[in-house]
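Quick look at coords31.txt (compact mmCIF, C-alpha atoms and all ligand atoms):
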# COMPACT_ATOMS: atom_id res chain seq x y z
CA MET C 17 -19.41 -14.34 0.40
CA THR C 18 -19.06 -10.55 0.49
CA LEU C 19 -16.77 -8.86 -2.00
CA ILE C 20 -14.80 -6.06 -0.34
CA ASP C 21 -15.21 -3.18 -2.75
CA GLY C 22 -11.92 -1.29 -2.65
CA LYS C 23 -13.02 1.05 -5.38
CA LYS C 24 -16.12 2.16 -3.49
CA LEU C 25 -14.20 2.55 -0.22
CA ALA C 26 -11.55 4.59 -2.02
CA GLN C 27 -14.24 6.85 -3.48
CA ASP C 28 -15.81 7.36 -0.03
CA ILE C 29 -12.44 8.21 1.53
CA LYS C 30 -11.56 10.55 -1.34
CA ALA C 31 -14.81 12.44 -0.74
CA GLU C 32 -13.85 12.81 2.95
CA ILE C 33 -10.39 14.09 2.01
CA ARG C 34 -11.85 16.47 -0.55
CA ALA C 35 -14.11 17.97 2.17
CA GLU C 36 -11.06 18.54 4.40
CA VAL C 37 -9.14 20.18 1.57
CA ASP C 38 -12.10 22.49 0.93
CA GLN C 39 -12.00 23.51 4.59
CA ILE C 40 -8.26 24.15 4.47
CA LEU C 41 -8.72 26.34 1.40
CA ALA C 42 -11.71 28.17 2.90
CA SER C 43 -9.63 29.13 5.92
CA GLY C 44 -6.90 30.54 3.68
CA GLY C 45 -4.54 27.57 3.75
CA ARG C 46 -2.73 25.83 0.89
CA ALA C 47 -3.74 22.40 -0.41
CA PRO C 48 -1.48 19.48 0.56
CA HIS C 49 1.24 18.88 -2.04
CA LEU C 50 2.55 15.42 -2.97
CA ALA C 51 5.58 14.87 -5.21
CA ALA C 52 6.29 11.51 -6.86
CA VAL C 53 9.60 10.46 -8.37
CA LEU C 54 9.35 7.86 -11.13
CA VAL C 55 12.57 6.37 -12.51
CA GLY C 56 12.64 4.34 -15.73
CA ASP C 57 9.79 2.93 -17.77
CA ASP C 58 8.42 -0.03 -15.84
CA PRO C 59 4.85 -0.25 -17.16
CA ALA C 60 3.29 -1.29 -13.83
CA SER C 61 5.02 1.55 -11.96
CA GLN C 62 3.78 3.99 -14.59
CA VAL C 63 0.19 2.85 -14.02
CA TYR C 64 0.49 3.08 -10.23
CA VAL C 65 2.07 6.53 -10.26
CA ARG C 66 -0.47 7.75 -12.79
CA ASN C 67 -3.24 6.57 -10.44
CA LYS C 68 -1.61 8.47 -7.58
CA VAL C 69 -1.32 11.73 -9.54
CA LYS C 70 -4.90 11.40 -10.83
CA SER C 71 -6.16 10.80 -7.28
CA CYS C 72 -4.38 13.94 -6.07
CA HIS C 73 -6.34 15.95 -8.63
CA GLU C 74 -9.60 14.32 -7.55
CA VAL C 75 -9.19 15.44 -3.93
CA GLY C 76 -7.80 18.89 -4.72
CA PHE C 77 -4.17 18.23 -3.74
CA LEU C 78 -1.25 19.78 -5.55
CA SER C 79 1.00 17.21 -7.19
CA THR C 80 4.36 17.17 -8.92
CA LEU C 81 5.61 14.25 -11.01
CA ILE C 82 9.37 14.02 -11.49
CA GLN C 83 10.28 11.51 -14.21
CA ARG C 84 13.85 10.42 -14.93
CA PRO C 85 15.35 7.84 -17.32
CA ALA C 86 16.38 4.38 -16.06
CA ASP C 87 20.09 5.22 -16.35
CA ILE C 88 20.02 8.09 -13.84
CA ALA C 89 23.03 8.06 -11.49
CA GLN C 90 22.62 7.40 -7.77
CA ALA C 91 24.04 10.83 -6.90
CA GLU C 92 21.60 12.61 -9.20
CA LEU C 93 18.62 10.78 -7.68
CA GLU C 94 19.89 11.59 -4.19
CA GLY C 95 20.12 15.21 -5.31
CA ILE C 96 16.44 15.16 -6.29
CA VAL C 97 15.56 13.70 -2.88
CA ALA C 98 17.63 16.38 -1.11
CA GLY C 99 15.85 19.09 -3.12
CA LEU C 100 12.43 17.71 -2.15
CA ASN C 101 13.47 17.43 1.52
CA GLN C 102 14.29 21.13 1.47
CA ASN C 103 11.39 22.39 -0.65
CA PRO C 104 8.89 24.05 1.72
CA GLU C 105 6.19 23.84 -0.99
CA VAL C 106 6.22 20.02 -0.89
CA ASP C 107 4.55 18.38 2.11
CA GLY C 108 5.40 14.79 1.27
CA PHE C 109 6.98 12.72 -1.49
CA ILE C 110 7.62 9.18 -2.66
CA VAL C 111 10.19 7.47 -4.84
CA GLN C 112 8.30 4.72 -6.65
CA LEU C 113 9.83 1.25 -6.23
CA PRO C 114 11.33 -0.92 -7.59
CA LEU C 115 14.27 1.14 -8.83
CA PRO C 116 16.52 -0.08 -11.67
CA GLN C 117 19.18 -2.63 -10.57
CA HIS C 118 22.15 -0.24 -10.43
CA LEU C 119 20.48 2.04 -7.89
CA ASN C 120 20.66 1.53 -4.13
CA GLU C 121 17.06 1.59 -2.86
CA GLU C 122 18.08 1.46 0.78
CA ALA C 123 20.28 4.55 0.46
CA ILE C 124 17.44 6.43 -1.27
CA THR C 125 14.93 5.44 1.42
CA LEU C 126 17.34 6.60 4.14
CA ALA C 127 17.90 9.92 2.34
CA ILE C 128 14.21 10.86 2.57
CA ASP C 129 13.36 13.18 5.47
CA PRO C 130 11.08 11.09 7.76
CA ARG C 131 8.78 14.13 8.10
CA LYS C 132 8.10 13.94 4.35
CA ASP C 133 8.18 10.14 4.05
CA VAL C 134 4.48 9.66 3.22
CA ASP C 135 5.27 6.07 2.10
CA GLY C 136 6.27 5.27 5.68
CA PHE C 137 9.31 3.32 4.44
CA HIS C 138 12.02 5.18 6.39
CA PRO C 139 13.27 3.24 9.46
CA VAL C 140 12.23 6.15 11.68
CA ASN C 141 8.61 5.76 10.58
CA PHE C 142 8.84 1.96 10.69
CA GLY C 143 10.22 2.09 14.24
CA ARG C 144 7.55 4.55 15.34
CA MET C 145 4.89 2.26 13.83
CA ALA C 146 6.31 -0.75 15.70
CA GLN C 147 6.17 1.20 18.97
CA GLY C 148 2.69 2.63 18.35
CA LEU C 149 3.96 6.23 18.11
CA PRO C 150 2.60 8.83 15.65
CA CYS C 151 3.98 7.98 12.18
CA TYR C 152 3.19 7.56 8.52
CA LEU C 153 1.94 4.00 8.05
CA PRO C 154 3.04 2.20 4.87
CA ALA C 155 0.21 2.64 2.39
CA THR C 156 -0.74 -0.97 1.64
CA PRO C 157 -1.03 -2.18 5.27
CA PHE C 158 -2.73 1.12 6.18
CA GLY C 159 -5.26 0.53 3.40
CA ILE C 160 -5.95 -3.03 4.58
CA MET C 161 -6.52 -1.82 8.15
CA GLU C 162 -8.97 0.74 6.77
CA MET C 163 -10.82 -2.00 4.83
CA LEU C 164 -11.17 -4.16 7.94
CA LYS C 165 -12.38 -1.16 9.94
CA ARG C 166 -14.93 0.06 7.42
CA TYR C 167 -16.37 -3.43 6.84
CA ASN C 168 -16.59 -3.95 10.64
CA ILE C 169 -14.55 -7.14 10.40
CA PRO C 170 -13.57 -8.21 13.92
CA THR C 171 -9.87 -8.95 14.46
CA ALA C 172 -9.53 -9.23 18.26
CA GLY C 173 -8.54 -12.76 19.25
CA LYS C 174 -8.64 -13.96 15.62
CA GLU C 175 -6.00 -16.14 14.01
CA VAL C 176 -4.32 -14.08 11.29
CA VAL C 177 -1.88 -15.65 8.86
CA VAL C 178 0.23 -13.31 6.72
CA VAL C 179 1.99 -15.00 3.82
CA GLY C 180 5.01 -12.90 2.83
CA ARG C 181 7.50 -10.98 5.00
CA SER C 182 8.46 -7.94 2.93
CA SER C 183 9.28 -4.77 4.83
CA ILE C 184 6.56 -2.83 2.99
CA VAL C 185 3.64 -5.27 3.36
CA GLY C 186 4.02 -8.57 5.24
CA THR C 187 6.11 -7.41 8.19
CA PRO C 188 4.24 -4.15 8.95
CA MET C 189 0.90 -5.95 8.45
CA SER C 190 1.84 -8.49 11.11
CA ILE C 191 2.84 -5.72 13.53
CA LEU C 192 -0.33 -3.69 12.99
CA LEU C 193 -2.68 -6.64 13.43
CA SER C 194 -0.96 -7.90 16.56
CA ARG C 195 -0.79 -4.60 18.44
CA LYS C 196 -3.29 -3.54 21.09
CA ALA C 197 -5.73 -1.55 18.96
CA GLN C 198 -8.84 -1.80 16.86
CA PRO C 199 -8.32 -3.32 14.28
CA GLY C 200 -5.62 -5.36 16.02
CA ASP C 201 -5.41 -7.68 19.03
CA ALA C 202 -5.07 -10.66 16.68
CA THR C 203 -2.81 -13.69 17.04
CA VAL C 204 -0.52 -13.38 14.03
CA THR C 205 1.60 -15.94 12.19
CA ILE C 206 3.97 -14.90 9.41
CA CYS C 207 4.69 -17.50 6.72
CA HIS C 208 7.36 -17.28 4.00
CA SER C 209 9.38 -19.27 1.48
CA ARG C 210 11.01 -21.41 4.20
CA THR C 211 7.75 -22.23 6.01
CA GLN C 212 7.11 -25.96 6.31
CA ASP C 213 3.62 -27.17 5.39
CA LEU C 214 2.28 -23.75 4.45
CA ALA C 215 -1.25 -25.07 3.90
CA ALA C 216 -1.43 -26.36 7.50
CA HIS C 217 -0.91 -22.74 8.62
CA THR C 218 -3.17 -21.02 6.10
CA ARG C 219 -6.01 -23.47 6.82
CA ARG C 220 -6.05 -22.24 10.44
CA ALA C 221 -6.48 -18.58 9.45
CA ASP C 222 -9.63 -16.64 10.29
CA ILE C 223 -8.03 -13.80 8.32
CA LEU C 224 -5.56 -14.66 5.56
CA VAL C 225 -3.36 -11.96 4.03
CA ALA C 226 -1.61 -13.06 0.83
CA ALA C 227 1.40 -10.88 -0.06
CA ILE C 228 3.64 -13.31 -1.91
CA GLY C 229 3.92 -11.99 -5.45
CA ARG C 230 2.96 -15.24 -7.21
CA ALA C 231 -0.13 -15.43 -9.39
CA ASP C 232 -3.03 -17.52 -8.03
CA PHE C 233 -0.79 -19.15 -5.39
CA ILE C 234 -3.43 -19.59 -2.64
CA LYS C 235 -5.92 -22.29 -3.68
CA GLY C 236 -9.27 -23.23 -2.17
CA ASP C 237 -7.83 -26.25 -0.32
CA MET C 238 -5.52 -23.90 1.61
CA VAL C 239 -8.35 -21.79 3.04
CA LYS C 240 -10.66 -22.39 6.00
CA PRO C 241 -14.36 -22.07 5.13
CA GLY C 242 -15.61 -18.67 6.36
CA ALA C 243 -12.18 -17.03 6.32
CA VAL C 244 -11.59 -13.37 5.44
CA VAL C 245 -9.18 -13.31 2.49
CA ILE C 246 -7.10 -10.21 1.69
CA ASP C 247 -5.27 -10.44 -1.64
CA VAL C 248 -2.30 -8.07 -1.92
CA GLY C 249 -0.94 -9.62 -5.14
CA MET C 250 -0.62 -7.54 -8.35
CA ASN C 251 0.60 -10.02 -10.96
CA ARG C 252 0.57 -9.38 -14.68
CA VAL C 253 0.06 -12.63 -16.54
CA GLU C 254 0.14 -12.99 -20.31
CA ASP C 255 -3.29 -13.36 -21.82
CA PRO C 256 -3.63 -13.25 -25.61
CA ARG C 257 -7.37 -12.60 -25.23
CA ALA C 258 -6.84 -9.43 -23.15
CA LYS C 259 -6.69 -6.15 -25.05
CA ASN C 260 -3.17 -5.18 -23.93
CA GLY C 261 -1.85 -8.75 -23.96
CA TYR C 262 -1.95 -9.31 -20.22
CA ARG C 263 -4.39 -9.49 -17.37
CA LEU C 264 -3.99 -8.62 -13.72
CA THR C 265 -4.40 -11.34 -11.13
CA GLY C 266 -3.78 -11.59 -7.42
CA ASP C 267 -1.91 -14.07 -5.23
CA VAL C 268 -5.22 -15.80 -4.53
CA ASP C 269 -6.90 -18.18 -6.96
CA PHE C 270 -10.19 -16.30 -6.86
CA ALA C 271 -12.25 -19.02 -8.57
CA SER C 272 -11.50 -21.70 -5.97
CA VAL C 273 -11.23 -19.44 -2.89
CA ALA C 274 -14.12 -16.95 -3.27
CA PRO C 275 -16.91 -19.55 -2.77
CA LEU C 276 -15.40 -20.48 0.64
CA ALA C 277 -14.59 -17.02 1.93
CA SER C 278 -16.81 -14.85 4.15
CA TYR C 279 -15.11 -11.74 2.74
CA ILE C 280 -12.62 -11.46 -0.11
CA THR C 281 -10.85 -8.60 -1.91
CA PRO C 282 -10.78 -8.62 -5.72
CA VAL C 283 -7.77 -7.82 -7.94
CA PRO C 284 -8.00 -5.25 -9.43
CA GLY C 285 -10.42 -3.12 -7.41
CA GLY C 286 -9.30 -4.22 -3.95
CA VAL C 287 -6.13 -3.55 -1.99
CA GLY C 288 -4.45 -1.55 -4.81
CA GLN C 289 -7.17 1.09 -4.67
CA MET C 290 -6.69 1.40 -0.91
CA THR C 291 -2.91 1.75 -1.32
CA VAL C 292 -3.43 4.87 -3.41
CA VAL C 293 -5.98 6.41 -1.07
CA SER C 294 -3.79 5.71 1.99
CA LEU C 295 -1.00 7.68 0.38
CA LEU C 296 -3.46 10.58 0.11
CA LEU C 297 -4.36 10.22 3.81
CA ASN C 298 -0.66 10.36 4.72
CA THR C 299 -0.16 13.41 2.51
CA LEU C 300 -3.10 15.13 4.21
CA LYS C 301 -1.43 14.41 7.58
CA ALA C 302 1.82 15.83 6.22
CA GLY C 303 0.08 18.99 5.02
CA LYS C 304 -1.49 19.44 8.45
CA GLN C 305 1.82 18.61 10.18
CA GLU C 306 -0.10 16.12 12.26
CA VAL C 307 2.61 13.52 12.77
CA TYR C 308 5.75 15.51 13.50
CA GLY C 309 4.25 18.90 14.56
N1 LIG H 401 7.52 3.88 -3.17
N2 LIG H 401 6.67 2.06 -4.33
C1 LIG H 401 6.49 3.04 -3.42
N3 LIG H 401 5.33 3.21 -2.73
C2 LIG H 401 4.29 2.37 -2.95
O1 LIG H 401 3.16 2.49 -2.25
C3 LIG H 401 4.43 1.36 -3.91
N4 LIG H 401 3.38 0.51 -4.24
C4 LIG H 401 3.67 -0.89 -4.58
C5 LIG H 401 4.78 -0.87 -5.64
N5 LIG H 401 5.81 0.15 -5.41
C6 LIG H 401 5.65 1.20 -4.57
C7 LIG H 401 2.30 0.92 -4.96
O2 LIG H 401 2.05 2.10 -5.15
C8 LIG H 401 2.33 -1.36 -5.13
N6 LIG H 401 1.59 -0.14 -5.40
C9 LIG H 401 0.35 -0.07 -6.09
C10 LIG H 401 -0.31 1.14 -6.34
C11 LIG H 401 -1.50 1.19 -7.02
C12 LIG H 401 -2.08 0.05 -7.47
C13 LIG H 401 -1.45 -1.16 -7.25
C14 LIG H 401 -0.25 -1.22 -6.57
C15 LIG H 401 -3.36 0.14 -8.24
O3 LIG H 401 -3.79 1.21 -8.57
N7 LIG H 401 -4.00 -1.01 -8.57
C16 LIG H 401 -5.23 -1.05 -9.33
C17 LIG H 401 -5.02 -1.66 -10.72
C18 LIG H 401 -3.89 -1.08 -11.48
C19 LIG H 401 -3.69 -1.68 -12.86
O4 LIG H 401 -4.66 -1.65 -13.65
O5 LIG H 401 -2.58 -2.18 -13.17
C20 LIG H 401 -6.23 -1.93 -8.61
O6 LIG H 401 -7.43 -1.74 -8.80
O7 LIG H 401 -5.81 -2.82 -7.87
Using structure tokens, write down the structure from this file.
Amino acid sequence: MTLIDGKKLAQDIKAEIRAEVDQILASGGRAPHLAAVLVGDDPASQVYVRNKVKSCHEVGFLSTLIQRPADIAQAELEGIVAGLNQNPEVDGFIVQLPLPQHLNEEAITLAIDPRKDVDGFHPVNFGRMAQGLPCYLPATPFGIMEMLKRYNIPTAGKEVVVVGRSSIVGTPMSILLSRKAQPGDATVTICHSRTQDLAAHTRRADILVAAIGRADFIKGDMVKPGAVVIDVGMNRVEDPRAKNGYRLTGDVDFASVAPLASYITPVPGGVGQMTVVSLLLNTLKAGKQEVYG
């Protein structure tokens, strides 16, 4: 079993980005600038956004964090988005999800200028991804593709099973792995809450992507020996022995699955690290106007 070291990969990629930023600066350009909008006080979102801002500093990007209370009105948040769309100093920005209940996430996503949508959540970027056109790829699937590439894991002709059909992970993942590309060219099955006999599907997977959002859901008896297991889950479970009262665990029961797997991603230190670094890669593209010219 080989542990896929997301932390190490993220460090390598950050060093590559840093070198590009140095070149941009040496030729008189400005560093790429990412803005992040964080609404409310969800502790997990705070950690993720903090990691994003910290990573910007590490690679020499400019960053702006806009924090607003949970009771912000829809119109005010849309005003912030409109301001960022128009600000020529900002190359790309994100609105961290989930938003508080009273806010309309879909309307916010649609309000973001696709040219600055470094999350790749706007339907224009999603559609361009589905058609293989230049676009910003959603950060988590992008990061997983990068992991497969850098670990030389073959995907062509493989049976891939994606568990979960969200529009930010499961669905784009299935599209990217089935398209004619490298990584890609796989035969992809998407499973979800209405799938009958889930284990019969997952046991056929050469590459299993778990993006369900339920702690330790995938057990050893659901996995084919030798499979590549990608754990997208980020679940906080109460643990009185942990120093902050909880511990982080994935959607995969690591103890029973890891001994069977050929490759497996840990949580933390796996996919989450790649999500952050993929956002940086998109922001670099935005700064260089690579996608939309
Ligand atoms: N708009 N909302 C928007 N864009 C995104 O790309 C996200 N996502 C998901 C949630 N909402 C979003 C993230 O940023 C998930 N996600 C994310 C980002 C970073 C990490 C995990 C998920 C991460 O840094 N994970 C660390 C551990 C963090 C911890 O200690 O809690 C890891 O090593 O996996």
Checklist entry - Could you pull the residues within 12 Å of region 200-202 of chain C, counting all atoms listed in the file, minus those fewer than 5 positions along the same chain, as a ChimeraX atom specification? => result /C:148,160-162,164-165,169-178,189-195,221-224
Serialized selection, C-alpha atoms, as a compact mmCIF listing (two decimals), in the frame of the given file:
# COMPACT_ATOMS: atom_id res chain seq x y z
CA GLY C 148 2.69 2.63 18.35
CA ILE C 160 -5.95 -3.03 4.58
CA MET C 161 -6.52 -1.82 8.15
CA GLU C 162 -8.97 0.74 6.77
CA LEU C 164 -11.17 -4.16 7.94
CA LYS C 165 -12.38 -1.16 9.94
CA ILE C 169 -14.55 -7.14 10.40
CA PRO C 170 -13.57 -8.21 13.92
CA THR C 171 -9.87 -8.95 14.46
CA ALA C 172 -9.53 -9.23 18.26
CA GLY C 173 -8.54 -12.76 19.25
CA LYS C 174 -8.64 -13.96 15.62
CA GLU C 175 -6.00 -16.14 14.01
CA VAL C 176 -4.32 -14.08 11.29
CA VAL C 177 -1.88 -15.65 8.86
CA VAL C 178 0.23 -13.31 6.72
CA MET C 189 0.90 -5.95 8.45
CA SER C 190 1.84 -8.49 11.11
CA ILE C 191 2.84 -5.72 13.53
CA LEU C 192 -0.33 -3.69 12.99
CA LEU C 193 -2.68 -6.64 13.43
CA SER C 194 -0.96 -7.90 16.56
CA ARG C 195 -0.79 -4.60 18.44
CA ALA C 221 -6.48 -18.58 9.45
CA ASP C 222 -9.63 -16.64 10.29
CA ILE C 223 -8.03 -13.80 8.32
CA LEU C 224 -5.56 -14.66 5.56
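Separating CA of Gly76 (chain C) from CA of Asp38 (chain C) is a distance of 8.0 Å.
Selecting all polymer residues at most 7 Å from ligand LIG 401 (chain H), using only C-alpha atoms and all ligand atoms, gives Ala60, Ser61, Val63, Tyr64, Val65, Asn67, Ile110, Val111, Gln112, Leu113, Pro114, Asp135, Ala155, Thr156, Met250, Leu264, Val283, Pro284, Gly285, Gly286, Val287, Gly288, Gln289, Thr291 and Val292 of chain C.
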What are the centre and edge lengths in Å, to one decimal, of the axis-aligned box around all listed atoms of region 183-200 of chain C with 8 Å added on each side, as AutoDock Vina command-line options?
--center_x 0.2 --center_y -5.1 --center_z 12.0 --size_x 34.1 --size_y 23.0 --size_z 34.1
Item to check | Given all atoms listed in the file as the counted atoms, nearest of C:Gln102, C:Gln90, C:Thr281, C:Asn251 to His118 (chain C) | outcome: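 For His118 (chain C), the nearest of the given residues is C:Gln90.
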Next on the checklist: With distances taken over all atoms listed in the file, which residue among C:Leu295, C:Leu276, C:Leu300, C:Ala98 lies nearest Phe137 (chain C)?
Outcome noted: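 Of all the options, C:Leu295 lies closest to Phe137 (chain C).
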Checklist entry - Closest to Leu19 (chain C) among C:Pro85, C:Pro282, C:Gly159, C:Pro104, using only C-alpha atoms? => result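 Between C:Pro85, C:Pro282, C:Gly159, C:Pro104, the residue approaching Leu19 (chain C) most closely is C:Pro282.
Taking only C-alpha atoms into account, Phe142 (chain C) lies nearest to C:Thr187 out of the set C:Thr187, C:Val204, C:Glu105, C:Arg219.
Within a radius of 10 Å around (8.7, 14.4, -13.1), the polymer residues are Ala51, Ala52, Val53, Leu54, Val55, Thr80, Leu81, Ile82, Gln83 and Arg84 of chain C, counting all atoms listed in the file.
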Item to check | Protein and nucleic acid residues near (-7.9, -21.0, -8.7) (cut-off 10 Å, all atoms listed in the file) as number ranges by chain | outcome: C: 231-237, 267-274
Next on the checklist: Taking only C-alpha atoms into account, name the residue in C:Arg210, C:His138, C:His73, C:Arg263 that is nearest to His49 (chain C).
Outcome noted: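 Of all the options, C:His73 lies closest to His49 (chain C).
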Next on the checklist: Could you check the closest approach to Ala146 (chain C) for each of C:Pro188, C:Met163, C:Arg252, C:Val179 and tell me which residue wins, using all atoms listed in the file?
Outcome noted: C:Pro188
Next on the checklist: as a PyMOL selection string, please: the residues near Ile280 (chain C) (cut-off 8 Å, all atoms listed in the file, same-chain neighbours under 2 positions excluded).
Outcome noted: chain C and resi 17-20+244-247+274+277-278+282
Checklist entry - CA of Ile128 (chain C) and CA of Ala89 (chain C), how far apart in Å? => result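 Taking CA of Ala89 (chain C) as the start and CA of Ile128 (chain C) as the end point, the length is 16.8 Å.
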Next on the checklist: What's the separation between CA of Phe77 (chain C) and CA of Arg166 (chain C), in Å to one decimal place?
Outcome noted: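 For CA of Phe77 (chain C) relative to CA of Arg166 (chain C), the distance reads 23.9 Å.
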Item to check | Surrounding residues of Arg181 (chain C) excluding itself and chain neighbours under 4 positions, 7 Å, only C-alpha atoms, as a PyMOL selection string | outcome: chain C and resi 186-187+206+208
Next on the checklist: Applying 9 Å and all atoms listed in the file, which residues near Cys151 (chain C) remain after dropping the ones on its own chain fewer than 4 positions away? List them as a list in words.
Outcome noted: Pro130, Arg131, Gly136, Val140, Asn141, Phe142, Gly143, Arg144, Met145, Val307 and Tyr308 of chain C
